[in-house]
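Below is run.txt, which holds compact mmCIF, C-alpha atoms and all ligand atoms.
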# COMPACT_ATOMS: atom_id res chain seq x y z
CA MET A 6 97.47 95.73 77.63
CA GLN A 7 95.86 93.28 80.08
CA ALA A 8 92.52 93.90 81.84
CA THR A 9 92.89 95.69 85.16
CA LEU A 10 92.65 93.26 88.07
CA PRO A 11 91.50 93.98 91.64
CA VAL A 12 94.36 95.45 93.62
CA PRO A 13 96.11 92.94 95.91
CA THR A 14 96.51 94.48 99.37
CA SER A 15 98.35 93.54 102.53
CA GLY A 16 98.50 94.89 106.07
CA ILE A 17 102.01 93.47 106.64
CA ASP A 18 104.34 96.03 108.27
CA LEU A 19 107.76 95.35 106.80
CA PHE A 20 109.31 97.85 109.24
CA ALA A 21 108.00 96.25 112.48
CA ASP A 22 110.63 94.75 114.80
CA ASP A 23 109.39 91.15 114.54
CA VAL A 24 109.30 91.34 110.73
CA LEU A 25 112.77 92.90 110.56
CA HIS A 26 114.10 90.02 112.69
CA ASP A 27 112.90 87.54 110.07
CA PRO A 28 111.36 89.25 107.03
CA TYR A 29 111.29 86.20 104.78
CA PRO A 30 107.85 84.68 105.64
CA ALA A 31 106.25 88.13 105.20
CA LEU A 32 108.04 88.66 101.88
CA ARG A 33 106.91 85.27 100.63
CA GLU A 34 103.32 86.14 101.55
CA LEU A 35 103.65 89.37 99.57
CA ARG A 36 105.09 87.56 96.54
CA ASP A 37 102.14 85.20 96.62
CA ALA A 38 99.63 88.03 97.10
CA GLY A 39 100.32 89.46 93.63
CA PRO A 40 102.79 91.04 91.24
CA ALA A 41 102.22 94.48 92.82
CA VAL A 42 100.71 94.81 96.28
CA ARG A 43 99.33 97.88 98.03
CA LEU A 44 100.59 98.11 101.62
CA THR A 45 97.52 99.23 103.56
CA GLY A 46 99.50 100.34 106.64
CA TYR A 47 101.42 102.82 104.49
CA ASP A 48 100.86 105.12 101.56
CA ALA A 49 102.91 102.75 99.42
CA TRP A 50 103.09 99.74 97.14
CA ILE A 51 105.60 96.94 96.95
CA LEU A 52 106.98 95.00 94.00
CA PRO A 53 107.91 91.68 95.62
CA ARG A 54 108.82 89.52 92.59
CA TYR A 55 112.20 89.36 90.88
CA GLU A 56 111.03 89.97 87.32
CA HIS A 57 109.24 93.20 88.20
CA VAL A 58 111.90 94.54 90.58
CA ARG A 59 114.56 94.14 87.93
CA ALA A 60 112.34 95.64 85.22
CA ALA A 61 111.51 98.64 87.45
CA LEU A 62 115.22 99.18 88.19
CA ALA A 63 115.82 99.35 84.43
CA ASP A 64 112.93 101.80 83.92
CA HIS A 65 113.87 105.08 85.58
CA GLU A 66 111.44 106.94 83.32
CA ARG A 67 108.41 105.35 85.00
CA PHE A 68 110.05 104.43 88.35
CA SER A 69 111.79 107.65 89.27
CA SER A 70 114.36 108.25 92.01
CA ALA A 71 114.07 112.03 91.73
CA HIS A 72 111.82 112.34 94.81
CA GLY A 73 114.29 110.32 96.89
CA VAL A 74 114.45 106.56 97.49
CA GLY A 75 113.03 106.55 101.01
CA TYR A 76 109.45 106.56 102.28
CA GLU A 77 109.08 109.86 104.15
CA ASP A 78 108.87 113.08 102.14
CA GLN A 79 110.69 115.09 104.84
CA PHE A 80 113.74 112.83 104.65
CA ASN A 81 113.57 112.46 100.90
CA ALA A 82 113.91 116.25 100.80
CA LEU A 83 117.25 115.90 102.65
CA MET A 84 118.45 113.51 99.95
CA LYS A 85 117.89 116.06 97.19
CA GLY A 86 120.95 116.48 95.01
CA THR A 87 122.50 113.15 95.96
CA VAL A 88 123.35 110.65 93.26
CA LEU A 89 120.71 108.29 94.68
CA ALA A 90 117.91 110.83 94.45
CA CYS A 91 117.89 111.94 90.83
CA ASP A 92 117.25 110.64 87.33
CA PRO A 93 119.21 111.08 84.11
CA PRO A 94 120.42 113.48 82.78
CA ASP A 95 121.26 115.02 86.24
CA HIS A 96 122.22 111.58 87.51
CA THR A 97 124.64 110.93 84.65
CA ARG A 98 126.67 114.03 85.52
CA LEU A 99 126.85 113.36 89.27
CA ARG A 100 127.55 109.68 88.85
CA ALA A 101 130.50 110.44 86.54
CA VAL A 102 132.24 112.26 89.40
CA LEU A 103 131.92 109.24 91.70
CA SER A 104 132.64 106.64 89.02
CA GLU A 105 136.04 108.05 88.19
CA LYS A 106 137.43 106.89 91.53
CA LEU A 107 135.48 103.62 91.59
CA ALA A 108 136.20 102.45 88.03
CA PRO A 109 138.07 99.14 87.57
CA LYS A 110 141.29 100.96 86.56
CA ALA A 111 141.29 103.05 89.75
CA LEU A 112 140.43 99.99 91.86
CA ALA A 113 143.19 97.88 90.33
CA LYS A 114 145.74 100.23 91.93
CA MET A 115 144.27 99.72 95.40
CA ARG A 116 143.65 96.01 95.21
CA THR A 117 146.97 94.76 96.57
CA ARG A 118 146.89 97.14 99.54
CA ILE A 119 143.31 96.15 100.40
CA LEU A 120 144.15 92.44 100.21
CA GLU A 121 147.15 92.98 102.53
CA LEU A 122 145.04 94.96 104.98
CA GLY A 123 142.36 92.24 105.02
CA ASP A 124 144.94 89.57 105.68
CA GLU A 125 146.53 91.56 108.55
CA LEU A 126 143.17 92.14 110.19
CA VAL A 127 142.09 88.52 109.90
CA ALA A 128 145.47 87.31 111.20
CA THR A 129 145.13 89.53 114.30
CA ALA A 130 141.56 88.39 115.00
CA VAL A 131 142.31 84.72 114.38
CA ALA A 132 145.34 84.77 116.69
CA LYS A 133 142.89 85.28 119.57
CA GLY A 134 141.11 81.99 118.77
CA GLY A 135 137.76 83.62 119.36
CA PHE A 136 136.50 87.03 118.31
CA ASP A 137 133.44 88.98 117.32
CA ALA A 138 133.21 88.69 113.55
CA VAL A 139 131.24 91.95 113.38
CA THR A 140 132.90 94.28 115.87
CA ASP A 141 136.47 92.92 115.53
CA LEU A 142 136.42 92.23 111.81
CA ALA A 143 133.56 93.22 109.50
CA ALA A 144 132.98 96.64 111.09
CA VAL A 145 136.67 97.54 111.25
CA PHE A 146 137.68 96.72 107.72
CA PRO A 147 135.42 98.83 105.44
CA VAL A 148 135.82 101.82 107.76
CA THR A 149 139.60 101.57 107.50
CA VAL A 150 139.61 101.01 103.74
CA VAL A 151 136.94 103.56 102.81
CA ALA A 152 138.12 106.26 105.22
CA ASP A 153 141.60 105.95 103.68
CA LEU A 154 140.15 106.24 100.20
CA ILE A 155 137.94 109.19 101.13
CA GLY A 156 141.10 110.77 102.57
CA LEU A 157 139.95 111.25 106.18
CA THR A 158 142.23 111.84 109.14
CA GLU A 159 142.21 109.31 112.00
CA GLU A 160 140.11 111.56 114.26
CA ALA A 161 137.51 112.09 111.55
CA ARG A 162 136.65 108.36 111.30
CA GLU A 163 135.05 107.66 114.61
CA PRO A 164 131.48 108.88 114.00
CA LEU A 165 131.15 107.35 110.53
CA LEU A 166 129.29 104.20 111.53
CA SER A 167 126.59 105.94 113.51
CA PHE A 168 125.93 108.18 110.50
CA ALA A 169 125.34 105.36 108.03
CA ASP A 170 123.07 103.43 110.40
CA ALA A 171 121.02 106.55 111.14
CA ALA A 172 120.78 107.65 107.51
CA PHE A 173 119.50 104.25 106.38
CA ASN A 174 116.86 104.28 109.13
CA THR A 175 115.49 107.54 107.76
CA PHE A 176 114.85 105.85 104.40
CA GLY A 177 112.03 103.94 106.17
CA PRO A 178 108.84 105.28 107.78
CA PHE A 179 108.89 107.66 110.74
CA ASN A 180 109.00 104.90 113.37
CA ALA A 181 110.94 104.72 116.65
CA ARG A 182 114.14 103.75 114.83
CA THR A 183 113.92 106.78 112.57
CA GLN A 184 113.16 109.08 115.50
CA ALA A 185 116.16 107.78 117.45
CA SER A 186 118.34 108.40 114.38
CA LEU A 187 117.51 112.09 113.97
CA PRO A 188 120.30 113.51 116.17
CA PHE A 189 122.89 111.47 114.24
CA VAL A 190 121.55 112.69 110.91
CA SER A 191 121.94 116.31 112.04
CA GLN A 192 125.45 115.50 113.23
CA MET A 193 126.22 113.96 109.85
CA PHE A 194 125.30 117.12 107.95
CA GLU A 195 127.32 119.20 110.43
CA TYR A 196 130.25 116.82 109.88
CA LEU A 197 129.99 116.98 106.08
CA ASN A 198 129.98 120.78 106.22
CA THR A 199 132.75 121.29 108.75
CA VAL A 200 135.01 118.22 108.86
CA MET A 201 134.99 117.15 105.23
CA VAL A 202 136.48 120.41 103.97
CA PRO A 203 139.67 120.51 101.86
CA ALA A 204 141.93 121.52 104.78
CA ASN A 205 141.13 118.23 106.57
CA LEU A 206 141.27 115.95 103.56
CA HIS A 207 144.09 114.09 101.88
CA PRO A 208 144.53 115.85 98.50
CA ASP A 209 144.49 112.55 96.55
CA GLY A 210 141.38 111.17 98.24
CA TRP A 211 137.84 110.79 96.91
CA ALA A 212 136.45 113.68 98.95
CA ALA A 213 139.10 116.14 97.73
CA ALA A 214 138.29 115.04 94.16
CA ILE A 215 134.67 116.12 94.66
CA HIS A 216 135.76 119.54 95.93
CA GLN A 217 138.14 119.80 92.96
CA ALA A 218 135.34 118.90 90.50
CA ALA A 219 133.30 121.79 91.94
CA ASP A 220 136.31 124.16 91.71
CA ARG A 221 136.71 123.25 88.02
CA GLY A 222 133.00 123.87 87.43
CA ASP A 223 132.27 120.21 86.48
CA ILE A 224 129.57 120.16 89.16
CA GLU A 225 127.76 122.92 91.03
CA ALA A 226 129.06 123.88 94.47
CA ALA A 227 125.68 122.81 95.86
CA SER A 228 126.38 119.21 94.77
CA VAL A 229 129.49 118.82 96.94
CA ILE A 230 127.81 117.91 100.23
CA PRO A 231 125.22 115.57 98.66
CA LEU A 232 127.98 113.74 96.79
CA LEU A 233 130.16 113.46 99.88
CA SER A 234 127.19 112.03 101.76
CA ALA A 235 126.99 109.19 99.21
CA TYR A 236 130.41 107.97 100.31
CA VAL A 237 129.65 108.28 103.99
CA ILE A 238 126.27 106.56 103.80
CA ALA A 239 126.50 104.01 100.99
CA SER A 240 129.93 102.53 101.41
CA MET A 241 130.17 101.18 104.93
CA ASP A 242 127.14 99.54 106.57
CA THR A 243 126.35 97.78 103.32
CA THR A 244 129.79 96.18 103.05
CA ILE A 245 130.12 95.53 106.78
CA ASN A 246 126.88 93.59 106.79
CA GLY A 247 127.64 91.87 103.52
CA ILE A 248 130.80 90.48 105.13
CA GLY A 249 129.22 89.82 108.55
CA ASN A 250 126.25 88.01 106.99
CA THR A 251 128.61 85.81 104.99
CA VAL A 252 130.64 84.81 108.07
CA LEU A 253 127.36 83.86 109.82
CA LEU A 254 126.32 81.74 106.83
CA PHE A 255 129.75 80.05 106.86
CA ALA A 256 129.36 79.27 110.58
CA GLN A 257 125.83 77.94 110.02
CA HIS A 258 126.84 75.85 106.98
CA PRO A 259 130.11 74.07 107.80
CA LYS A 260 129.93 71.87 104.68
CA ALA A 261 129.62 74.91 102.44
CA TYR A 262 132.57 76.50 104.26
CA GLN A 263 134.70 73.39 103.65
CA GLU A 264 133.66 73.45 99.98
CA VAL A 265 134.96 77.01 99.70
CA ARG A 266 138.15 76.07 101.57
CA SER A 267 138.85 73.25 99.18
CA ASP A 268 138.31 75.56 96.19
CA PRO A 269 139.11 79.19 97.11
CA SER A 270 137.87 80.35 93.70
CA LEU A 271 134.44 79.94 95.34
CA VAL A 272 135.05 82.87 97.73
CA GLY A 273 133.59 85.33 95.19
CA PRO A 274 130.55 83.17 94.31
CA ALA A 275 129.90 82.48 98.03
CA PHE A 276 129.84 86.23 98.70
CA GLU A 277 127.37 86.76 95.81
CA GLU A 278 125.20 83.96 97.20
CA SER A 279 125.27 85.60 100.62
CA LEU A 280 124.27 88.95 99.07
CA ARG A 281 121.36 87.17 97.39
CA LEU A 282 120.21 85.29 100.48
CA GLU A 283 120.75 88.04 103.07
CA SER A 284 120.71 91.22 101.01
CA PRO A 285 122.33 93.97 103.13
CA ALA A 286 120.18 96.66 101.44
CA GLN A 287 116.71 95.14 101.63
CA GLY A 288 115.04 97.60 99.26
CA PHE A 289 114.61 101.20 98.17
CA PHE A 290 111.57 103.18 97.04
CA ARG A 291 110.79 104.70 93.67
CA ARG A 292 107.96 107.05 92.60
CA THR A 293 105.80 106.23 89.58
CA THR A 294 105.69 109.06 87.02
CA GLN A 295 102.58 107.63 85.29
CA PRO A 296 100.11 104.77 85.88
CA VAL A 297 102.03 101.50 85.54
CA ASP A 298 100.46 98.16 84.66
CA ILE A 299 102.10 95.17 86.33
CA GLU A 300 100.50 91.99 84.99
CA GLY A 301 97.07 93.59 85.06
CA VAL A 302 97.45 95.39 88.40
CA THR A 303 97.57 99.16 87.91
CA ILE A 304 99.78 101.25 90.18
CA PRO A 305 98.56 104.85 89.93
CA ALA A 306 100.85 107.72 88.96
CA ASP A 307 102.78 109.38 91.81
CA SER A 308 102.78 106.25 94.00
CA LYS A 309 105.63 105.29 96.29
CA VAL A 310 106.78 101.80 95.35
CA LEU A 311 109.15 99.71 97.44
CA LEU A 312 111.44 97.66 95.20
CA SER A 313 112.15 94.75 97.52
CA TYR A 314 115.60 93.42 96.62
CA ALA A 315 115.36 90.99 99.57
CA SER A 316 112.14 89.48 98.21
CA ALA A 317 113.27 89.44 94.58
CA ASN A 318 116.43 87.64 95.60
CA ARG A 319 114.39 84.82 97.18
CA ASP A 320 111.65 84.65 94.55
CA GLU A 321 110.88 81.00 93.88
CA ARG A 322 109.73 82.01 90.37
CA LYS A 323 113.35 82.92 89.62
CA TRP A 324 115.60 80.82 91.85
CA GLU A 325 115.69 77.09 92.48
CA ARG A 326 115.85 76.23 96.20
CA PRO A 327 115.87 79.97 96.99
CA GLU A 328 116.16 79.55 100.77
CA GLU A 329 119.40 77.55 100.54
CA PHE A 330 122.98 78.81 100.74
CA LEU A 331 124.55 77.19 97.67
CA VAL A 332 128.12 78.40 97.25
CA ARG A 333 128.31 77.11 93.68
CA ARG A 334 125.16 78.90 92.52
CA ASN A 335 127.04 82.12 91.63
CA PRO A 336 123.84 84.20 91.24
CA VAL A 337 125.38 86.94 89.11
CA ASP A 338 121.97 88.45 88.28
CA HIS A 339 120.80 89.01 91.88
CA VAL A 340 119.61 92.54 92.64
CA ALA A 341 121.33 93.02 96.01
CA LEU A 342 123.51 95.69 94.38
CA GLY A 343 120.59 97.18 92.47
CA TYR A 344 120.56 97.28 88.68
CA GLY A 345 120.26 99.87 85.92
CA VAL A 346 121.50 103.44 86.16
CA HIS A 347 121.53 103.42 89.98
CA GLY A 348 123.23 100.01 90.24
CA CYS A 349 125.78 100.16 93.05
CA ALA A 350 128.63 102.49 92.12
CA GLY A 351 130.91 100.82 94.65
CA GLN A 352 130.29 97.19 93.79
CA GLY A 353 133.82 96.61 92.49
CA LEU A 354 135.26 97.92 95.73
CA ALA A 355 132.77 95.93 97.84
CA ARG A 356 133.85 92.76 96.06
CA ILE A 357 137.55 93.47 96.60
CA GLU A 358 136.92 94.15 100.29
CA ALA A 359 134.86 90.98 100.71
CA ASN A 360 137.49 88.94 98.90
CA ALA A 361 140.21 90.37 101.12
CA VAL A 362 138.50 89.39 104.37
CA LEU A 363 136.74 86.19 103.34
CA GLY A 364 139.73 84.98 101.31
CA ALA A 365 142.01 85.46 104.34
CA LEU A 366 139.53 83.63 106.58
CA VAL A 367 139.34 80.70 104.19
CA ARG A 368 143.16 80.55 104.01
CA ARG A 369 143.73 80.83 107.75
CA VAL A 370 140.73 79.21 109.43
CA SER A 371 139.82 75.54 109.14
CA SER A 372 136.48 75.83 110.96
CA ILE A 373 134.20 78.56 112.29
CA ASP A 374 131.80 77.87 115.17
CA LEU A 375 129.28 80.14 116.80
CA ALA A 376 130.40 81.02 120.33
CA GLY A 377 127.08 82.57 121.31
CA GLU A 378 123.84 83.83 119.80
CA PRO A 379 124.37 86.28 116.94
CA VAL A 380 122.73 89.60 117.82
CA ARG A 381 120.73 91.25 115.07
CA LYS A 382 120.95 95.00 114.50
CA LEU A 383 117.56 96.21 113.37
CA ASN A 384 117.55 98.95 110.74
CA ASN A 385 114.73 100.08 108.44
CA VAL A 386 116.77 99.26 105.33
CA ILE A 387 119.91 97.35 106.25
CA ARG A 388 119.92 93.67 107.22
CA GLY A 389 122.81 92.77 109.43
CA LEU A 390 124.25 91.96 112.82
CA ALA A 391 125.42 93.94 115.83
CA SER A 392 127.50 91.03 117.12
CA LEU A 393 128.64 87.62 115.89
CA PRO A 394 130.79 85.79 118.46
CA VAL A 395 132.77 82.95 116.89
CA THR A 396 135.56 80.56 117.78
CA VAL A 397 137.88 79.45 115.04
CA ARG A 398 140.38 76.68 114.50
CA THR A 399 143.43 77.30 112.37
CA GLU A 400 145.38 75.16 110.01
CA GLU A 401 147.18 77.47 107.62
CA ARG A 402 147.00 76.45 103.97
C1 LIG B 501 128.05 94.73 99.83
C2 LIG B 501 128.12 96.03 99.79
C3 LIG B 501 127.14 96.92 99.09
C4 LIG B 501 125.81 96.74 98.84
C5 LIG B 501 124.94 95.54 99.19
C6 LIG B 501 125.34 97.92 98.13
C7 LIG B 501 124.05 98.08 97.66
C8 LIG B 501 123.66 99.10 96.84
C9 LIG B 501 122.37 99.19 96.19
C10 LIG B 501 121.25 98.17 96.30
C11 LIG B 501 122.35 100.33 95.46
C12 LIG B 501 121.22 100.81 94.55
C13 LIG B 501 120.37 101.89 95.14
C14 LIG B 501 119.10 102.08 94.36
O1 LIG B 501 118.59 101.16 93.74
O2 LIG B 501 118.53 103.19 94.43
C15 LIG B 501 123.62 101.00 95.67
C16 LIG B 501 123.98 102.21 95.14
C17 LIG B 501 125.15 102.87 95.47
N1 LIG B 501 126.23 102.37 96.14
FE1 LIG B 501 126.36 100.53 96.96
N2 LIG B 501 126.38 98.80 98.01
C18 LIG B 501 127.50 98.23 98.58
C19 LIG B 501 128.76 98.80 98.66
C20 LIG B 501 129.10 100.06 98.25
C21 LIG B 501 130.39 100.68 98.38
C22 LIG B 501 131.63 100.03 98.97
C23 LIG B 501 130.28 101.95 97.88
C24 LIG B 501 131.29 103.08 97.74
C25 LIG B 501 132.40 103.22 97.77
C26 LIG B 501 128.93 102.12 97.41
C27 LIG B 501 128.43 103.25 96.82
C28 LIG B 501 127.19 103.34 96.22
C29 LIG B 501 126.71 104.55 95.57
C30 LIG B 501 127.47 105.87 95.43
C31 LIG B 501 125.42 104.24 95.10
C32 LIG B 501 124.49 105.18 94.36
C33 LIG B 501 124.57 104.88 92.90
C34 LIG B 501 123.58 105.68 92.09
O3 LIG B 501 122.54 106.11 92.59
O4 LIG B 501 123.89 105.89 90.91
N3 LIG B 501 128.24 100.95 97.65
N4 LIG B 501 124.40 100.23 96.50

Take the structure in the file and write it out as C-alpha cells.
Ligand code: HEM
Amino acid sequence: MQATLPVPTSGIDLFADDVLHDPYPALRELRDAGPAVRLTGYDAWILPRYEHVRAALADHERFSSAHGVGYEDQFNALMKGTVLACDPPDHTRLRAVLSEKLAPKALAKMRTRILELGDELVATAVAKGGFDAVTDLAAVFPVTVVADLIGLTEEAREPLLSFADAAFNTFGPFNARTQASLPFVSQMFEYLNTVMVPANLHPDGWAAAIHQAADRGDIEAASVIPLLSAYVIASMDTTINGIGNTVLLFAQHPKAYQEVRSDPSLVGPAFEESLRLESPAQGFFRRTTQPVDIEGVTIPADSKVLLSYASANRDERKWERPEEFLVRRNPVDHVALGYGVHGCAGQGLARIEANAVLGALVRRVSSIDLAGEPVRKLNNVIRGLASLPVTVRTEER
C-alpha cells in the first residue's frame, strides 16, 4: 500500500449552469488535481480519471450502488429497489428480469422493424429540407420504439419525456433544477402505479413481462414499480441525446460526416466516438463501503463518490487527442454506457436505434448544416440539446 497523500480538493461546482454548459475545462482541472478529489462544495468526492472510474465500476464491493446512484439521500431513498440502486446478489435477480427482453436474441427480432421505423422518420424529416434534429427526430424515435416495446398505448406516451428529464435531475444535488423537477417525479410515480398496470399494457410488452414475473413469484410484488421505472427513466433521454449529440458533431465536422458517408460501416464507430466525446450520462455516484486507497489518496468509508464518465472519456492519460471527434477511433472501451455489473442493460437496443437513425441520415443526406444556434438543455446528469435546427441537402445513395 502507498503512503497516504494530502487530499486533493476542489471548489468546482459541476452542477452549476455555466459548468453544465461546458463541463470539459472543469473536468480537466479535476483530472489534473489528483486521482481522487474531494469536492468542497458538496459532501462528495470525484474520480475524474479513466483508470479509476473503470476500476470502481468493476468493484461493486467497495463502490456500492445500494444507497442509490444520486447525490441526495432523500432521492436515493426513492430509488430503492430499482436495478440501479442495489448490489449483487439482489441486483443479479432484478437484472435477469430486464435482461431477458434486452438480450441479443430478443433484440434480433426487433431489429428490422426498428431500422424501417428509423428510415421512415428520417425520410419524413429530410423531405422538409430543414428540421430540428432534436424535436423532429432524436426525441421522437426512442419514444416511439421504447413505448412500443414497453407495450404502452398511444395516450400513455405523452408524459414520458418529462419524467426522464426530471428523474435524472434528482440524481444531482438539491439545486433549482431538482426543485423544478419534483412535481414531475411525483407524477411519474402516480403514472407507474396507475397507468402501467396490466389492463393498459400490451400483453407481449416489457412492462407486462415484469408484472408476469411478479405473478410467477420470480420477483417480489414490491419490485414491480422500481423495475418499471428503469424502463421509463433509463431508456429515453440517454438515447435521444446520444443521437442528438451525434448529429451536432456531424454538422460541426463536415469532413468526418463525409468519411462516414463514404464508408457507412463507420456509422457504429462514429456513434461510439460521440458517446465518448459527449457522454449523455455524465456520471453516477457510488458509496464506499470501506476506506479506499486511490494512488495514495484515501477516500474514507461511507463517502459519496461521483464516477465521472464524461471526464474518464476525455482523460488524456487514456486517449490520444481526446478532444477530437475521430470517427475511425472506435473507442470500444469508453465508459459512457458504464461497465461492470451495472453496465447499461439497454446498450444493444441503443446501438440499434442509433444505427437506424444515423444510418438513414448517412444514406439520405449529403450534407448537414446548422440553421441556427443549438440550444442546450441543462440537466444535472444528462448532457444534451433542447433544439438543433439543421438544413440538409439530399443525394440518395
Ligand atoms: C445512448 C444511450 C444510453 C446511454 C448513454 C446509457 C447509459 C447508461 C449508463 C452509464 C448506465 C450505468 C449506470 C451506472 O453506472 O450506475 C446505464 C444503465 C442502465 N441502462 Fe442505459 N443507457 C442508454 C440506453 C439505454 C436504453 C435504450 C435502455 C433500455 C431499454 C437502458 C437501460 C438501462 C438500465 C435498465 C440500466 C441499469 C442497469 C443496472 O443497473 O444493472 N439504457 N445506462

Using all atoms listed in the file, which protein or nucleic acid residues are at most 6 Å from ligand LIG 501 (chain B), as a ChimeraX atom specification? /A:88-89,100,235-236,239-240,243-244,247,285-286,289,341-343,346-352,354-355

For a quick check of understanding, using all atoms listed in the file, which of A:Arg368, A:His216, A:Arg326, A:Lys133 has the smallest distance to A:Asp268? A:Arg368

Closest to A:Ala317 among A:Ala365, A:Leu165, A:Val380, A:Leu282, using all atoms listed in the file?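 Residue with the minimum atom-to-atom distance to A:Ala317: A:Leu282.
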
Which residues are close to A:Pro164, i.e. within 10 Å by all atoms listed in the file, leaving aside same-chain residues fewer than 3 positions away? Reply as a list in words. Glu160, Ala161, Ser167, Phe168, Ala169, Phe189, Gln192, Met193 and Tyr196 of chain A

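Across A:Gln257, A:Ser228, A:Thr158, A:Thr303, the tightest approach to A:Glu329 is made by A:Gln257 when counting all atoms listed in the file.
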
Could you please determine the separation between atom CA of A:Ala359 and atom CA of A:Gly288 in Å, to one decimal place?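 Spanning atom CA of A:Ala359 to atom CA of A:Gly288 is a straight-line distance of 20.9 Å.
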
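Considering the residues A:Leu312, A:Leu154, A:Val337, A:Ala361 and counting all atoms listed in the file, A:Ala49 has its shortest atom-to-atom contact with A:Leu312.
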
Which residue is closest to A:Ala132? Choose from A:Arg398, A:Arg356, A:Arg334, A:Lys110 and count all atoms listed in the file.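 Of the candidates, the smallest distance to A:Ala132 is held by A:Arg398.
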
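With distances taken from (99.9, 109.8, 85.0) and restricted to only C-alpha atoms, the residues inside 6 Å are Gln295, Pro296 and Ala306 of chain A.
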
Do you know which residues are at most 8 Å from A:Ala218 counting only C-alpha atoms, after dropping those on the same chain fewer than 5 positions away, and could you put them as a list in words?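 Answer for this query is Val102, Asp223 and Ile224 of chain A.
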
Using C-alpha atoms, can you export the residues from the last selection as a PDB file, in the frame of the given file?
ATOM      1  CA  VAL A 102     132.240 112.260  89.400  1.00  0.00           C
ATOM      2  CA  ASP A 223     132.270 120.210  86.480  1.00  0.00           C
ATOM      3  CA  ILE A 224     129.570 120.160  89.160  1.00  0.00           C
TER       4      ILE A 224
END

Using atom CA of A:Glu34 and atom CA of A:Lys382 as the two end points, give the distance in Å to one decimal.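 One can read the atom CA of A:Glu34 to atom CA of A:Lys382 distance as 23.6 Å.
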
What's the 10 Å shell around A:Asn198, counting only C-alpha atoms, without same-chain residues fewer than 6 positions away, as a PyMOL selection string? chain A and resi 192+229-230+233

Write out as an MDAnalysis selection string each polymer residue whose atoms come within 10 Å of A:Thr140, counting all atoms listed in the file; drop sequence neighbours fewer than 5 positions from it. chainID A and resid 145:146 245 249 390:394

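Distances from A:Val202, A:Leu375, A:Val190, A:Val367 to A:Ala275 were compared using all atoms listed in the file, and the smallest one belongs to A:Val367.
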
Need to verify the contact set: stretch 73-75 of chain A, 9 Å, all atoms listed in the file, exclusion of same-chain residues closer than 2 positions in sequence. Can you return it as a list of chain:residue names?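 In the requested format, the answer is A:Ser69, A:Ser70, A:Ala71, A:Glu77, A:Asp78, A:Phe80, A:Asn81, A:Ala82, A:Leu83, A:Met84, A:Lys85, A:Thr87, A:Leu89, A:Ala90, A:Cys91, A:Phe173, A:Thr175, A:Phe176, A:Gly177, A:Pro178, A:Phe289, A:Phe290, A:Arg291, A:Arg292, A:Lys309, A:Leu311.
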